[in-house]
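Here is my_file.txt, consisting of compact mmCIF, C-alpha atoms:
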```txt
# COMPACT_ATOMS: atom_id res chain seq x y z
CA MET G 1 12.06 30.86 127.29
CA LYS G 2 14.78 30.98 129.94
CA CYS G 3 18.31 30.65 128.62
CA PRO G 4 20.26 27.65 130.03
CA LYS G 5 23.05 28.65 132.42
CA SER G 6 25.71 27.13 130.19
CA VAL G 7 24.56 29.29 127.26
CA SER G 8 24.51 32.39 129.47
CA ALA G 9 28.08 31.62 130.53
CA LEU G 10 29.07 31.29 126.86
CA ILE G 11 27.54 34.66 125.96
CA SER G 12 29.28 36.22 128.96
CA ALA G 13 32.62 34.83 127.75
CA TYR G 14 31.96 36.28 124.29
CA ASP G 15 31.16 39.69 125.79
CA SER G 16 34.25 39.66 127.97
CA PHE G 17 36.61 38.80 125.13
CA GLU G 18 34.99 41.19 122.67
CA GLN G 19 35.67 44.08 125.03
CA THR G 20 39.40 43.50 124.59
CA LEU G 21 39.14 43.96 120.81
CA SER G 22 38.47 46.83 118.43
CA VAL G 23 35.08 46.08 116.90
CA ARG G 24 33.62 48.19 114.11
CA GLU G 25 29.88 48.18 113.52
CA ALA G 26 28.26 47.15 110.26
CA THR G 27 27.00 49.70 107.73
CA ASP G 28 24.84 49.46 104.62
CA ALA G 29 28.01 49.61 102.52
CA THR G 30 29.79 46.74 104.29
CA ALA G 31 26.83 44.36 104.05
CA ALA G 32 27.35 43.92 100.30
CA LEU G 33 30.96 42.78 100.75
CA VAL G 34 30.04 39.23 101.76
CA VAL G 35 27.24 38.54 99.26
CA PHE G 36 27.96 36.85 95.92
CA ASN G 37 24.84 38.28 94.24
CA GLY G 38 26.61 41.40 93.01
CA ASN G 39 29.00 39.21 91.03
CA LYS G 40 26.14 37.99 88.83
CA ALA G 41 26.34 41.22 86.83
CA THR G 42 30.15 41.39 86.71
CA PRO G 43 32.12 40.03 83.73
CA VAL G 44 34.03 36.76 84.32
CA HIS G 45 32.99 36.64 87.99
CA ARG G 46 29.51 35.60 86.83
CA TRP G 47 30.65 32.63 84.78
CA PHE G 48 29.55 30.29 87.56
CA GLY G 49 27.01 31.07 90.27
CA PHE G 50 28.69 30.25 93.57
CA LYS G 51 26.12 30.75 96.28
CA GLU G 52 28.64 30.63 99.13
CA GLY G 53 31.05 33.23 97.72
CA PHE G 54 31.63 36.86 98.64
CA SER G 55 31.65 40.01 96.53
CA HIS G 56 34.28 40.95 93.97
CA THR G 57 34.42 44.35 95.72
CA LEU G 58 35.92 42.86 98.90
CA PHE G 59 39.50 43.00 97.62
CA GLU G 60 39.19 46.66 96.63
CA TRP G 61 37.61 47.49 100.00
CA VAL G 62 40.40 45.77 101.91
CA VAL G 63 43.08 47.57 99.90
CA SER G 64 41.52 51.03 100.07
CA THR G 65 40.48 51.00 103.73
CA HIS G 66 43.84 49.73 104.96
CA ASP G 67 46.11 51.74 102.62
CA LEU G 68 47.71 48.65 101.11
CA ARG G 69 49.92 48.58 98.00
CA PRO G 70 49.36 45.17 96.39
CA SER G 71 51.30 46.04 93.22
CA GLU G 72 54.45 46.13 95.38
CA TYR G 73 53.84 42.71 96.91
CA ASP G 74 55.57 39.47 95.99
CA TRP G 75 52.85 37.06 97.15
CA ILE G 76 49.09 37.38 97.71
CA VAL G 77 47.54 34.13 98.94
CA ASP G 78 44.00 32.82 99.36
CA PRO G 79 44.14 29.49 101.26
CA PHE G 80 40.44 28.72 100.64
CA CYS G 81 40.00 30.36 97.26
CA GLY G 82 36.69 28.82 96.19
CA VAL G 83 35.87 30.00 92.66
CA GLY G 84 38.70 32.53 92.76
CA THR G 85 36.80 35.71 93.55
CA SER G 86 39.58 37.42 95.53
CA LEU G 87 42.30 36.31 93.11
CA LEU G 88 40.38 37.44 90.03
CA SER G 89 39.57 40.77 91.69
CA ALA G 90 43.26 41.27 92.45
CA GLN G 91 44.31 40.17 88.97
CA LEU G 92 42.00 42.71 87.32
CA ALA G 93 43.02 45.46 89.75
CA LEU G 94 46.79 45.09 89.51
CA PRO G 95 48.69 47.13 86.91
CA ARG G 96 50.22 45.74 83.76
CA ARG G 97 53.29 43.50 84.16
CA SER G 98 52.97 43.37 87.94
CA ALA G 99 55.43 40.91 89.48
CA THR G 100 52.94 39.98 92.20
CA ARG G 101 52.14 36.27 92.36
CA LEU G 102 48.53 35.42 93.12
CA VAL G 103 48.10 31.95 94.61
CA GLY G 104 44.98 30.12 95.69
CA VAL G 105 44.39 26.71 97.24
CA GLU G 106 41.12 24.78 96.90
CA ARG G 107 40.32 21.24 98.02
CA ASN G 108 37.25 20.57 95.85
CA PRO G 109 38.48 19.69 92.33
CA PHE G 110 35.40 21.08 90.60
CA ILE G 111 35.48 24.39 92.47
CA SER G 112 39.22 24.54 91.77
CA PHE G 113 38.47 24.03 88.06
CA VAL G 114 36.07 26.98 88.13
CA ALA G 115 38.69 29.23 89.70
CA LYS G 116 41.44 28.20 87.27
CA THR G 117 39.21 28.67 84.25
CA LYS G 118 38.15 32.17 85.27
CA LEU G 119 41.70 33.25 86.09
CA ASN G 120 42.82 32.06 82.64
CA TRP G 121 40.37 34.36 80.84
CA PHE G 122 43.23 36.03 78.93
CA LEU G 123 44.18 32.72 77.25
CA TYR G 124 40.90 32.30 75.39
CA ASP G 125 40.83 33.32 71.73
CA VAL G 126 37.65 35.29 71.06
CA ASP G 127 37.74 34.53 67.33
CA ARG G 128 38.22 30.83 67.89
CA ILE G 129 35.32 30.81 70.37
CA ALA G 130 33.10 32.54 67.79
CA TRP G 131 34.13 29.89 65.22
CA LEU G 132 33.46 27.00 67.63
CA LEU G 133 30.11 28.20 68.99
CA PRO G 134 27.87 27.16 66.06
CA ARG G 135 29.76 23.88 65.66
CA LEU G 136 29.37 22.94 69.30
CA LEU G 137 25.71 23.97 69.36
CA ARG G 138 24.53 22.02 66.34
CA PRO G 139 21.96 19.30 67.22
CA LEU G 140 23.37 16.09 68.58
CA ASP G 141 22.99 12.99 66.43
CA GLY G 142 22.20 9.44 67.49
CA LYS G 143 25.83 8.38 67.54
CA GLU G 144 26.68 11.08 70.07
CA THR G 145 23.88 10.12 72.47
CA GLY G 146 23.65 6.39 71.82
CA GLN G 147 26.47 5.06 73.98
CA LEU G 148 27.03 7.56 76.74
CA ASP G 149 29.04 6.85 79.86
CA VAL G 150 26.50 7.74 82.56
CA PRO G 151 28.03 8.32 86.03
CA GLU G 152 27.00 5.72 88.60
CA LEU G 153 25.72 8.32 91.08
CA SER G 154 22.06 7.50 91.71
CA THR G 155 21.11 11.18 91.92
CA ILE G 156 22.14 11.70 88.29
CA GLN G 157 20.12 8.69 87.15
CA ASN G 158 17.01 9.83 89.04
CA PRO G 159 14.37 10.97 86.48
CA ALA G 160 13.21 13.62 88.97
CA VAL G 161 16.64 15.22 88.62
CA PHE G 162 17.18 14.81 84.88
CA SER G 163 14.83 13.49 82.25
CA ARG G 164 16.46 10.88 80.04
CA ASN G 165 16.57 13.35 77.15
CA THR G 166 18.15 16.10 79.29
CA LEU G 167 20.78 13.72 80.63
CA GLU G 168 21.64 12.48 77.14
CA GLN G 169 21.89 16.06 75.88
CA LEU G 170 24.13 17.15 78.77
CA LEU G 171 26.52 14.24 78.42
CA GLY G 172 26.48 14.43 74.63
CA TYR G 173 27.48 18.09 74.59
CA ARG G 174 30.13 17.44 77.25
CA ASP G 175 31.75 14.75 75.11
CA ARG G 176 31.54 16.93 72.00
CA ILE G 177 33.39 19.74 73.81
CA ARG G 178 36.12 17.33 74.88
CA LEU G 179 36.49 15.97 71.35
CA GLN G 180 36.42 19.20 69.37
CA CYS G 181 38.37 21.37 71.84
CA GLU G 182 41.00 18.82 72.83
CA ASP G 183 44.32 20.34 73.98
CA THR G 184 43.14 23.94 73.59
CA PRO G 185 42.53 26.55 76.33
CA GLU G 186 39.00 27.00 75.00
CA ARG G 187 38.12 23.48 76.17
CA ASP G 188 37.95 24.67 79.78
CA PHE G 189 36.06 27.80 78.74
CA PHE G 190 33.29 25.75 77.13
CA LEU G 191 33.25 23.10 79.87
CA LEU G 192 32.81 25.79 82.51
CA GLY G 193 29.84 27.19 80.60
CA TRP G 194 28.46 23.67 80.31
CA SER G 195 28.83 23.03 84.05
CA ALA G 196 27.14 26.36 84.82
CA ILE G 197 23.85 25.16 83.31
CA ILE G 198 23.64 21.78 85.06
CA GLU G 199 21.55 23.08 87.94
CA LYS G 200 19.41 25.21 85.59
CA VAL G 201 18.27 22.24 83.50
CA SER G 202 17.82 19.89 86.47
CA GLY G 203 14.96 19.26 88.87
CA VAL G 204 17.00 20.30 91.90
CA ARG G 205 18.40 23.46 93.39
CA ARG G 206 21.42 24.01 95.62
CA ASP G 207 19.82 25.05 98.88
CA GLY G 208 21.95 25.38 101.98
CA ARG G 209 23.39 22.01 102.89
CA ALA G 210 21.93 19.87 100.11
CA LEU G 211 20.29 19.59 96.73
CA ARG G 212 16.54 20.14 97.03
CA PHE G 213 13.92 18.81 94.66
CA VAL G 214 11.92 21.72 93.26
CA GLU G 215 9.16 22.28 90.75
CA LYS G 216 10.50 24.46 87.95
CA ASP G 217 8.22 26.03 85.38
CA ASP G 218 10.98 27.48 83.22
CA VAL G 219 13.52 24.69 82.67
CA PRO G 220 15.33 25.56 79.42
CA LEU G 221 16.46 23.12 76.77
CA VAL G 222 20.10 22.16 77.17
CA SER G 223 21.04 23.68 73.80
CA HIS G 224 19.26 26.96 74.62
CA ALA G 225 20.89 27.20 78.04
CA LEU G 226 24.31 26.53 76.53
CA ARG G 227 23.84 29.15 73.82
CA HIS G 228 22.87 31.76 76.39
CA GLN G 229 25.71 30.90 78.79
CA TRP G 230 28.45 30.70 76.17
CA THR G 231 27.31 33.88 74.45
CA LEU G 232 27.36 35.76 77.76
CA MET G 233 30.85 34.46 78.53
CA ALA G 234 32.13 35.42 75.07
CA ARG G 235 30.79 38.96 75.50
CA ASP G 236 32.52 39.14 78.88
CA LEU G 237 35.83 38.26 77.25
CA GLU G 238 35.50 41.13 74.81
CA THR G 239 34.51 43.50 77.61
CA VAL G 240 37.43 42.58 79.85
CA ARG G 241 39.97 42.58 77.03
CA CYS G 242 38.89 46.06 75.95
CA GLY G 243 38.71 47.49 79.45
CA HIS G 244 41.68 45.88 81.15
CA PRO G 245 45.13 47.39 80.55
CA SER G 246 46.94 44.11 81.21
CA ALA G 247 44.82 41.89 78.99
CA LEU G 248 47.89 40.49 77.25
CA THR G 249 50.19 40.42 80.26
CA PRO G 250 48.05 39.82 83.36
CA THR G 251 49.42 39.14 86.79
CA GLN G 252 50.62 35.58 87.28
CA SER G 253 48.01 33.50 89.10
CA THR G 254 47.82 29.84 90.05
CA VAL G 255 45.31 27.66 91.86
CA SER G 256 46.59 24.55 93.59
CA GLU G 257 44.28 21.67 94.33
CA GLY G 258 45.14 20.91 97.94
CA ASP G 259 44.66 21.64 101.61
CA GLY G 260 44.39 25.29 102.64
CA ARG G 261 45.29 24.30 106.19
CA GLU G 262 48.76 23.27 105.03
CA LEU G 263 49.58 25.81 102.29
CA ARG G 264 52.14 23.58 100.63
CA ILE G 265 52.69 25.61 97.48
CA PRO G 266 55.68 25.19 95.14
CA GLY G 267 58.05 28.12 95.49
CA LEU G 268 56.34 29.53 98.58
CA GLU G 269 58.83 30.02 101.39
CA ASP G 270 58.17 30.86 105.01
CA GLY G 271 58.18 34.59 105.72
CA SER G 272 57.49 35.57 102.10
CA VAL G 273 53.75 36.31 101.86
CA ASP G 274 52.66 39.95 101.88
CA LEU G 275 48.88 39.56 102.05
CA VAL G 276 46.47 36.74 102.87
CA ILE G 277 42.78 37.20 102.13
CA TYR G 278 40.24 34.41 102.42
CA SER G 279 37.02 33.04 103.79
CA PRO G 280 37.24 29.58 105.37
CA PRO G 281 34.23 27.26 105.35
CA TYR G 282 31.67 28.54 107.85
CA LEU G 283 30.68 26.34 110.77
CA ASN G 284 27.23 25.82 109.24
CA ASN G 285 27.19 22.08 108.45
CA ILE G 286 27.55 22.64 104.68
CA ASP G 287 29.48 19.89 102.91
CA TYR G 288 30.53 21.33 99.55
CA THR G 289 31.33 17.84 98.30
CA GLU G 290 27.61 17.12 98.57
CA VAL G 291 26.36 20.47 97.29
CA TYR G 292 28.44 20.25 94.09
CA LYS G 293 28.26 16.50 93.57
CA LEU G 294 26.43 16.74 90.23
CA GLU G 295 29.26 18.78 88.77
CA LEU G 296 31.95 16.59 90.35
CA TRP G 297 30.53 13.37 88.94
CA MET G 298 29.42 14.67 85.54
CA MET G 299 32.80 16.33 84.95
CA GLY G 300 34.46 13.00 85.70
CA LEU G 301 36.38 14.48 88.64
CA VAL G 302 34.87 11.75 90.83
CA GLU G 303 34.33 8.34 89.25
CA ASN G 304 33.18 6.11 92.09
CA ARG G 305 31.81 6.18 95.62
CA GLN G 306 35.19 5.55 97.24
CA GLN G 307 36.72 8.60 95.53
CA PHE G 308 33.74 10.65 96.62
CA LEU G 309 34.11 9.49 100.23
CA ASP G 310 37.87 10.10 100.18
CA LEU G 311 37.31 13.66 98.98
CA ARG G 312 34.72 14.27 101.68
CA ARG G 313 37.09 12.99 104.37
CA LYS G 314 39.74 15.51 103.29
CA THR G 315 37.48 18.53 103.66
CA PHE G 316 37.60 21.15 106.39
CA ARG G 317 35.77 19.94 109.49
CA SER G 318 32.84 22.32 109.19
CA HIS G 319 30.19 19.65 108.70
CA PRO G 320 29.22 16.27 110.20
CA SER G 321 28.76 14.36 106.91
CA VAL G 322 31.49 11.92 107.89
CA ARG G 323 33.16 11.02 111.14
CA PHE G 324 36.52 12.76 111.01
CA PRO G 325 39.46 11.50 113.08
CA PRO G 326 39.97 13.31 116.42
CA SER G 327 42.71 15.89 116.93
CA ASP G 328 44.27 17.82 119.80
CA THR G 329 45.85 20.90 118.19
CA LEU G 330 44.53 23.43 120.69
CA ASP G 331 45.49 21.25 123.63
CA LYS G 332 49.16 21.51 122.60
CA PHE G 333 49.12 25.27 123.23
CA PRO G 334 49.35 26.96 126.65
CA GLU G 335 46.02 27.79 128.29
CA ASP G 336 44.65 31.02 126.86
CA ARG G 337 41.43 32.81 125.95
CA ALA G 338 40.85 30.33 123.13
CA HIS G 339 40.73 27.45 125.62
CA GLU G 340 38.16 29.32 127.69
CA LEU G 341 35.91 30.02 124.70
CA ARG G 342 36.15 26.43 123.53
CA GLY G 343 35.37 25.16 127.03
CA ARG G 344 32.31 27.41 127.35
CA LEU G 345 31.13 26.40 123.88
CA LEU G 346 31.44 22.67 124.57
CA ASP G 347 29.75 23.07 127.96
CA SER G 348 26.79 24.77 126.26
CA VAL G 349 26.05 21.82 123.95
CA PRO G 350 22.76 20.22 125.02
CA ARG G 351 23.02 16.63 126.20
CA ASP G 352 20.79 14.79 123.76
CA GLY G 353 21.03 12.53 120.74
CA ASN G 354 23.13 15.10 118.87
CA THR G 355 25.70 15.74 121.60
CA ALA G 356 28.51 13.52 120.32
CA TRP G 357 28.64 14.80 116.75
CA ARG G 358 28.29 18.44 117.83
CA LEU G 359 31.21 18.11 120.24
CA ARG G 360 33.31 16.52 117.51
CA LEU G 361 32.25 19.19 115.02
CA PHE G 362 33.12 22.15 117.24
CA GLN G 363 36.43 20.72 118.39
CA GLY G 364 37.43 19.71 114.88
CA TYR G 365 36.59 23.11 113.43
CA ILE G 366 38.58 24.92 116.12
CA ASP G 367 41.61 22.69 115.55
CA ASP G 368 41.40 23.12 111.76
CA MET G 369 41.25 26.91 112.10
CA LEU G 370 44.22 26.91 114.49
CA ASP G 371 46.25 24.71 112.11
CA SER G 372 45.42 27.08 109.27
CA LEU G 373 46.26 30.26 111.20
CA THR G 374 49.51 28.78 112.48
CA ARG G 375 50.55 27.97 108.94
CA GLN G 376 49.54 31.43 107.73
CA TYR G 377 51.70 32.96 110.44
CA GLU G 378 54.67 30.90 109.24
CA VAL G 379 54.38 31.96 105.58
CA CYS G 380 53.67 35.65 106.27
CA ARG G 381 56.46 38.19 106.37
CA PRO G 382 56.65 40.46 109.44
CA GLY G 383 54.07 43.22 109.12
CA ALA G 384 51.90 41.31 106.65
CA PHE G 385 48.11 41.56 106.88
CA VAL G 386 45.67 38.66 106.96
CA PHE G 387 41.98 39.28 106.26
CA CYS G 388 39.61 36.50 107.23
CA VAL G 389 35.89 36.63 106.43
CA VAL G 390 33.88 34.48 108.84
CA GLY G 391 30.21 33.92 109.58
CA ASN G 392 28.78 33.06 112.97
CA SER G 393 26.09 30.41 113.27
CA MET G 394 23.28 29.06 115.39
CA HIS G 395 23.15 25.43 116.47
CA GLY G 396 20.73 23.45 118.63
CA GLY G 397 16.97 23.49 118.89
CA LYS G 398 14.48 26.13 119.99
CA GLY G 399 14.74 25.14 123.62
CA HIS G 400 18.54 25.23 123.71
CA PRO G 401 20.02 27.42 120.95
CA ILE G 402 23.78 27.84 120.83
CA VAL G 403 25.37 30.82 119.12
CA VAL G 404 28.82 29.97 117.81
CA ALA G 405 30.64 33.30 117.59
CA THR G 406 33.18 32.06 115.09
CA ASP G 407 34.64 35.54 114.64
CA LEU G 408 35.60 35.76 118.31
CA ILE G 409 36.81 32.18 118.45
CA VAL G 410 38.98 32.71 115.35
CA ALA G 411 40.30 35.99 116.81
CA SER G 412 41.38 34.15 119.95
CA LEU G 413 43.03 31.42 117.85
CA ALA G 414 44.81 34.06 115.76
CA GLN G 415 46.29 35.58 118.91
CA LEU G 416 47.41 32.13 120.00
CA ALA G 417 49.11 31.65 116.62
CA GLY G 418 50.98 34.93 117.12
CA PHE G 419 48.90 37.46 115.18
CA GLU G 420 47.76 40.85 116.38
CA VAL G 421 44.02 41.36 115.95
CA VAL G 422 43.96 44.85 114.43
CA HIS G 423 40.19 45.08 114.39
CA MET G 424 36.99 43.19 113.67
CA GLN G 425 34.76 44.75 111.04
CA VAL G 426 31.21 43.49 111.44
CA VAL G 427 29.79 43.58 107.92
CA ARG G 428 26.22 42.47 108.49
CA GLN G 429 23.90 41.01 111.08
CA LEU G 430 22.24 37.66 110.40
CA ARG G 431 18.56 37.64 111.29
CA ARG G 432 17.51 34.14 110.36
CA ARG G 433 16.78 32.53 113.72
CA ASP G 434 17.35 34.93 116.59
CA HIS G 435 16.56 38.58 115.99
CA ALA G 436 17.84 39.62 119.40
CA ASN G 437 21.27 38.02 119.35
CA ARG G 438 23.94 40.47 118.20
CA PHE G 439 26.52 37.69 117.82
CA LEU G 440 24.70 36.32 114.78
CA ARG G 441 26.77 38.19 112.20
CA GLU G 442 29.40 38.05 109.50
CA THR G 443 32.74 39.69 110.17
CA ILE G 444 36.03 40.55 108.50
CA LEU G 445 38.93 39.95 110.84
CA ALA G 446 41.97 42.15 110.17
CA LEU G 447 45.07 40.39 111.53
CA ARG G 448 48.70 41.38 111.30
CA LYS G 449 51.95 39.55 111.94
CA PRO G 450 54.04 41.73 114.28
CA ALA G 451 56.90 43.49 112.52
```
How would this structure read if it were set down as structure tokens?
Amino acid sequence: MKCPKSVSALISAYDSFEQTLSVREATDATAALVVFNGNKATPVHRWFGFKEGFSHTLFEWVVSTHDLRPSEYDWIVDPFCGVGTSLLSAQLALPRRSATRLVGVERNPFISFVAKTKLNWFLYDVDRIAWLLPRLLRPLDGKETGQLDVPELSTIQNPAVFSRNTLEQLLGYRDRIRLQCEDTPERDFFLLGWSAIIEKVSGVRRDGRALRFVEKDDVPLVSHALRHQWTLMARDLETVRCGHPSALTPTQSTVSEGDGRELRIPGLEDGSVDLVIYSPPYLNNIDYTEVYKLELWMMGLVENRQQFLDLRRKTFRSHPSVRFPPSDTLDKFPEDRAHELRGRLLDSVPRDGNTAWRLRLFQGYIDDMLDSLTRQYEVCRPGAFVFCVVGNSMHGGKGHPIVVATDLIVASLAQLAGFEVVHMQVVRQLRRRDHANRFLRETILALRKPA
């Protein structure tokens, strides 16, 4: 099928800009850097399966391939820290008593909880956990399941998602954890293990942009799933404590629940950050508020529909789940390559029933990335590196596909914010929808603030 002229012009603009940059090709080794699967066999990282995360080896790769010295840094920041993969990797890699401060920001309160709980692994008493395990796992009685506070979310009350018995068991064990582990660090340890089994015992699966109903032949009992999860986590604690030299004095780490575009962190001053490493939400229509809504509601982090909507409205504009307010961040900057790429991208959008929301989506995402990069430039010291992991995406139908080369667009925005684009490391090609298009890829952008 012939490519529309507007799409051809967009590809030409990508090609032209890419030729001004240093682009490194993907290898078999780099492909694993942006896949969370490897974390499923790694202690502490595997405490919660985060489908959208990257590998725990990314931090080590960044440090080794760019000759960095993180133990000498004052601040390492992840503005979109997710479940804390980069921060935990840095924490476990840094030497004992390092003065480096590891700081993450995460908007979603449940995902933030996961990150905080993993980073606090050193606080959990292995002996106390062993003492609590059989007490928490004993069968629930009628009093514990008789008057449960069931969240009002209709998805949770749908029998295709949870049977009545499964729902009562989940909520009963949740309340028991809160009661018996009140005001102790182990409370979060056990609640994280509890949240990690919610999808496993449900009739849905996190699949791309939503929860999908699926037929499962191997749904475990809640008590069995909890025993397996908590036992695995307890073994991980012993492994990490034995193998990590700073088990008693790990590097200071904090996760703030807030907006990664703003980086308003207590104690963080402009010009003080030594290293920024992160992966912003991809422009792939995924609303993480929706994907993790079971955990948000069942943890009590969202209590009503208005809170849920308010949270969704505060998210990065990478999805069209709500109508975000318009912005004009890029328009405030002098005309540059970024303006050209945005113009070509918007021109390529097919004029159909989806035109309006796609235009809003692309413009909003570009403005959010520019706001974020501008703020990163402000907090970085001269000479500091920023590593940004981005994934390109395909939008539109078969007759008018649009490749959004997010890596090139972000590179142009980084230059506008003042950064030098050191190089672009393509880590893997994406072959889902267009085998011939080389711009369907995931990339690590290496940026540096001029010294």
Notebook entry, point to check: Could you pull the residues within 12 Å of Ala29 in chain G, counting only C-alpha atoms, minus those fewer than 2 positions along the same chain, as a VMD selection string?
Noted result: chain G and resid 25 to 27 31 to 35 55 57 to 58 61 425 to 428
Within 10 Å of range 204-218 of chain G: each range 45-156 of chain G residue with its shortest pair, all atoms listed in the file, as a tab-separated table:
```
residue	atom	partner	partner_atom	distance
G:Phe50	CA	G:Arg206	CA	9.8
G:Lys51	CA	G:Arg206	CA	8.2
G:Glu52	CA	G:Gly208	CA	9.0
G:Thr155	CA	G:Leu211	CA	9.7
```
Closest contacts (range 4-85 of chain G/range 337-343 of chain G, max 12 Å, all atoms listed in the file) as a Markdown table:
```
| residue | atom | partner | partner_atom | distance |
| --- | --- | --- | --- | --- |
| G:Ser6 | CA | G:Gly343 | CA | 10.4 |
| G:Val7 | CA | G:Gly343 | CA | 11.6 |
| G:Ala9 | CA | G:Leu341 | CA | 9.9 |
| G:Leu10 | CA | G:Leu341 | CA | 7.3 |
| G:Ile11 | CA | G:Leu341 | CA | 9.7 |
| G:Ser12 | CA | G:Leu341 | CA | 10.0 |
| G:Ala13 | CA | G:Leu341 | CA | 6.6 |
| G:Tyr14 | CA | G:Leu341 | CA | 7.4 |
| G:Asp15 | CA | G:Leu341 | CA | 10.8 |
| G:Ser16 | CA | G:Arg337 | CA | 10.1 |
| G:Phe17 | CA | G:Arg337 | CA | 7.7 |
| G:Glu18 | CA | G:Arg337 | CA | 11.1 |
| G:Thr20 | CA | G:Arg337 | CA | 11.0 |
```
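Counting all atoms listed in the file and comparing G:Val302, G:Gly396, G:Leu153, G:Ala384, the residue that lies closest to Leu359 in chain G is G:Gly396.
If you look at CA of Arg261 in chain G and CA of His395 in chain G, they are 24.4 Å away from each other.
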Check: Hey, what's within 10 Å of Thr166 in chain G if we count all atoms listed in the file and toss same-chain stuff fewer than 3 positions away? As JSON, numbers by chain, please?
Finding: {"G": [159, 161, 162, 163, 169, 170, 171, 172, 198, 201, 202, 220, 221, 222, 223]}
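Minimum atom-to-atom distances from G:Val150, G:Val291, G:Val105, G:Leu133 to Gln229 in chain G were compared using only C-alpha atoms, and the lowest value belongs to G:Leu133.
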